[in-house]
Amino acid sequence: VVRVLQTGLFIGALIALVAGGAILAWPGGSSTVIALIFGLYFLIRGLVRVAVGIFGPGLTGGGRALSIVIGILLIVVGVFAFKSPAGILELLGILIGIMWIIDGIATLVESGRGSSRGIAITLGLISLIAGVAVLFVPAAAVDVLIVLGGVFLIVIGVAQAIGAFTIGRMAKRGQI
């Protein structure tokens, strides 16, 4: 179970770092490519959330259900981006903001029981702040959204990688 969580966090971190780096390297890239990058990120993040809801140690029934529901919503957003990427960036920006807020809240709720509480709280707050920031970016400033999204993806990727290493160390010490 710990391996599944750790692998999920590493995969999420890698996807977030690659997507964030690509966005920052080519901020003027087409909206279709950006929509697909975010779609891939949310699809993978949703799958990880569902896995955490099913296999996550120390979660209450409500925490499991919340994680699974959030995961399914993230998957829906990811699929939606793949289905209709052209001209979707503005709508995707709103959905990204909402999903980051919901994901951040879910992570904060789940952190009360988790053994790596500090990392979970940090990740939840970063996601929550990123979501609020994205919602306040005006629709006319999609380029700002793209750069902010890239930066936030890198920050989230680093936080997820740290969480994965922390879980691994705690497992070796028998704390999980």
# chains A, B, ... in the order shown; residues from 1 in each chain; ligands from 1
$ residues_around --residues "region 12-22 of chain A" --least-positions-apart "5" --cutoff "12 Å" --atoms "only C-alpha atoms" --output "PyMOL selection string"
chain A and resi 5-7+27-29+33-49+123+145-165
$ residues_around --residues "Val1 (chain A)" --least-positions-apart "4" --cutoff "8 Å" --atoms "only C-alpha atoms" --output "JSON, numbers by chain"
{"A": [5, 55, 56, 57]}
$ write_last_selection --atoms "C-alpha atoms" --output "compact mmCIF listing (two decimals), in the first residue's frame"
# COMPACT_ATOMS: atom_id res chain seq x y z
CA LEU A 5 0.99 5.79 -2.59
CA PHE A 55 -5.76 2.10 -0.75
CA GLY A 56 -4.81 5.05 1.52
CA PRO A 57 -3.97 3.99 5.06
$ select_by_dssp --residues "region 1-171 of chain A" --states "alpha helix (DSSP H)" --output "PyMOL selection string"
chain A and resi 2-25+31-55+61-83+89-111+117-135+142-171
$ atom_distance --atom1 "CA of Ala65 (chain A)" --atom2 "CA of Val50 (chain A)"
9.0 Å
$ closest_residue --among "A:Leu73, A:Ile176, A:Leu108, A:Leu95" --to "Leu125 (chain A)" --atoms "only C-alpha atoms"
A:Leu108
$ closest_residue --among "A:Val4, A:Leu24, A:Ile11, A:Leu135" --to "Gly53 (chain A)" --atoms "only C-alpha atoms"
A:Val4
$ residues_around --residues "Leu59 (chain A)" --least-positions-apart "2" --cutoff "10 Å" --atoms "only C-alpha atoms" --output "mmCIF file with all heavy atoms, in the first residue's frame"
data_model
loop_
_atom_site.group_PDB
_atom_site.id
_atom_site.type_symbol
_atom_site.label_atom_id
_atom_site.label_comp_id
_atom_site.auth_asym_id
_atom_site.auth_seq_id
_atom_site.Cartn_x
_atom_site.Cartn_y
_atom_site.Cartn_z
ATOM 1 N N VAL A 52 -5.665 6.652 -3.850
ATOM 2 C CA VAL A 52 -5.508 7.031 -2.438
ATOM 3 C C VAL A 52 -6.809 6.747 -1.685
ATOM 4 O O VAL A 52 -6.794 6.235 -0.568
ATOM 5 C CB VAL A 52 -5.106 8.514 -2.305
ATOM 6 C CG1 VAL A 52 -5.266 9.009 -0.875
ATOM 7 C CG2 VAL A 52 -3.676 8.720 -2.768
ATOM 8 N N GLY A 53 -7.937 7.055 -2.311
ATOM 9 C CA GLY A 53 -9.226 6.792 -1.673
ATOM 10 C C GLY A 53 -9.469 5.317 -1.425
ATOM 11 O O GLY A 53 -10.081 4.932 -0.425
ATOM 12 N N ILE A 54 -8.971 4.481 -2.313
ATOM 13 C CA ILE A 54 -9.176 3.041 -2.168
ATOM 14 C C ILE A 54 -8.126 2.413 -1.252
ATOM 15 O O ILE A 54 -8.450 1.618 -0.370
ATOM 16 C CB ILE A 54 -9.158 2.358 -3.554
ATOM 17 C CG1 ILE A 54 -10.366 2.821 -4.377
ATOM 18 C CG2 ILE A 54 -9.155 0.836 -3.420
ATOM 19 C CD1 ILE A 54 -10.321 2.416 -5.833
ATOM 20 N N PHE A 55 -6.855 2.786 -1.444
ATOM 21 C CA PHE A 55 -5.764 2.101 -0.749
ATOM 22 C C PHE A 55 -5.120 2.908 0.380
ATOM 23 O O PHE A 55 -4.279 2.373 1.089
ATOM 24 C CB PHE A 55 -4.652 1.731 -1.748
ATOM 25 C CG PHE A 55 -5.127 0.851 -2.859
ATOM 26 C CD1 PHE A 55 -5.194 1.330 -4.152
ATOM 27 C CD2 PHE A 55 -5.512 -0.459 -2.617
ATOM 28 C CE1 PHE A 55 -5.630 0.524 -5.196
ATOM 29 C CE2 PHE A 55 -5.954 -1.278 -3.644
ATOM 30 C CZ PHE A 55 -6.017 -0.782 -4.942
ATOM 31 N N GLY A 56 -5.470 4.187 0.535
ATOM 32 C CA GLY A 56 -4.806 5.055 1.515
ATOM 33 C C GLY A 56 -4.987 4.589 2.945
ATOM 34 O O GLY A 56 -6.107 4.382 3.402
ATOM 35 N N PRO A 57 -3.875 4.434 3.662
ATOM 36 C CA PRO A 57 -3.974 3.994 5.055
ATOM 37 C C PRO A 57 -4.424 5.139 5.954
ATOM 38 O O PRO A 57 -4.130 6.300 5.699
ATOM 39 C CB PRO A 57 -2.536 3.580 5.394
ATOM 40 C CG PRO A 57 -1.686 4.412 4.492
ATOM 41 C CD PRO A 57 -2.494 4.607 3.236
ATOM 42 N N GLY A 61 -13.940 6.581 6.448
ATOM 43 C CA GLY A 61 -14.838 6.278 5.333
ATOM 44 C C GLY A 61 -15.173 7.538 4.550
ATOM 45 O O GLY A 61 -15.202 7.528 3.316
ATOM 46 N N GLY A 62 -15.423 8.629 5.253
ATOM 47 C CA GLY A 62 -15.717 9.904 4.589
ATOM 48 C C GLY A 62 -14.525 10.421 3.812
ATOM 49 O O GLY A 62 -14.681 10.959 2.707
ATOM 50 N N GLY A 63 -13.331 10.268 4.372
ATOM 51 C CA GLY A 63 -12.109 10.696 3.677
ATOM 52 C C GLY A 63 -11.882 9.892 2.412
ATOM 53 O O GLY A 63 -11.485 10.427 1.378
ATOM 54 N N ARG A 64 -12.150 8.596 2.496
ATOM 55 C CA ARG A 64 -12.018 7.733 1.311
ATOM 56 C C ARG A 64 -13.015 8.150 0.235
ATOM 57 O O ARG A 64 -12.670 8.288 -0.936
ATOM 58 C CB ARG A 64 -12.251 6.271 1.683
ATOM 59 C CG ARG A 64 -11.148 5.656 2.460
ATOM 60 C CD ARG A 64 -11.422 4.161 2.724
ATOM 61 N NE ARG A 64 -10.465 3.641 3.661
ATOM 62 C CZ ARG A 64 -9.188 3.392 3.378
ATOM 63 N NH1 ARG A 64 -8.730 3.616 2.175
ATOM 64 N NH2 ARG A 64 -8.366 2.925 4.293
ATOM 65 N N ALA A 65 -14.272 8.347 0.642
ATOM 66 C CA ALA A 65 -15.308 8.733 -0.318
ATOM 67 C C ALA A 65 -14.972 10.078 -0.955
ATOM 68 O O ALA A 65 -15.103 10.245 -2.178
ATOM 69 C CB ALA A 65 -16.669 8.784 0.367
ATOM 70 N N SER A 67 -12.014 11.480 -1.345
ATOM 71 C CA SER A 67 -10.879 11.320 -2.247
ATOM 72 C C SER A 67 -11.311 10.684 -3.566
ATOM 73 O O SER A 67 -10.880 11.112 -4.642
ATOM 74 C CB SER A 67 -9.785 10.475 -1.583
ATOM 75 O OG SER A 67 -8.629 10.446 -2.394
ATOM 76 N N VAL A 109 -8.434 18.101 4.631
ATOM 77 C CA VAL A 109 -9.315 17.254 5.434
ATOM 78 C C VAL A 109 -8.641 15.916 5.722
ATOM 79 O O VAL A 109 -8.674 15.427 6.848
ATOM 80 C CB VAL A 109 -10.669 17.038 4.701
ATOM 81 C CG1 VAL A 109 -11.483 15.931 5.365
ATOM 82 C CG2 VAL A 109 -11.459 18.336 4.674
ATOM 83 N N GLU A 110 -7.991 15.343 4.714
ATOM 84 C CA GLU A 110 -7.333 14.047 4.872
ATOM 85 C C GLU A 110 -6.086 14.138 5.740
ATOM 86 O O GLU A 110 -5.655 13.142 6.304
ATOM 87 C CB GLU A 110 -6.946 13.486 3.502
ATOM 88 C CG GLU A 110 -8.133 13.129 2.640
ATOM 89 C CD GLU A 110 -7.748 12.886 1.196
ATOM 90 O OE1 GLU A 110 -6.559 13.054 0.835
ATOM 91 O OE2 GLU A 110 -8.639 12.530 0.426
ATOM 92 N N SER A 111 -5.495 15.315 5.863
ATOM 93 C CA SER A 111 -4.226 15.448 6.584
ATOM 94 C C SER A 111 -4.368 15.199 8.075
ATOM 95 O O SER A 111 -3.391 14.884 8.734
ATOM 96 C CB SER A 111 -3.620 16.831 6.353
ATOM 97 O OG SER A 111 -4.386 17.829 7.027
ATOM 98 N N GLY A 112 -5.570 15.312 8.617
ATOM 99 C CA GLY A 112 -5.773 15.123 10.048
ATOM 100 C C GLY A 112 -5.440 13.727 10.518
ATOM 101 O O GLY A 112 -5.076 13.529 11.660
ATOM 102 N N ARG A 113 -5.523 12.745 9.647
ATOM 103 C CA ARG A 113 -5.273 11.354 10.021
ATOM 104 C C ARG A 113 -3.946 10.842 9.490
ATOM 105 O O ARG A 113 -3.449 9.838 9.951
ATOM 106 C CB ARG A 113 -6.396 10.468 9.486
ATOM 107 C CG ARG A 113 -7.718 10.746 10.124
ATOM 108 C CD ARG A 113 -7.957 9.646 11.043
ATOM 109 N NE ARG A 113 -9.324 9.630 11.526
ATOM 110 C CZ ARG A 113 -9.609 9.118 12.685
ATOM 111 N NH1 ARG A 113 -8.674 8.604 13.421
ATOM 112 N NH2 ARG A 113 -10.841 9.101 13.095
ATOM 113 N N GLY A 114 -3.400 11.486 8.495
ATOM 114 C CA GLY A 114 -2.196 10.984 7.834
ATOM 115 C C GLY A 114 -0.962 11.120 8.700
ATOM 116 O O GLY A 114 -0.850 12.010 9.528
#
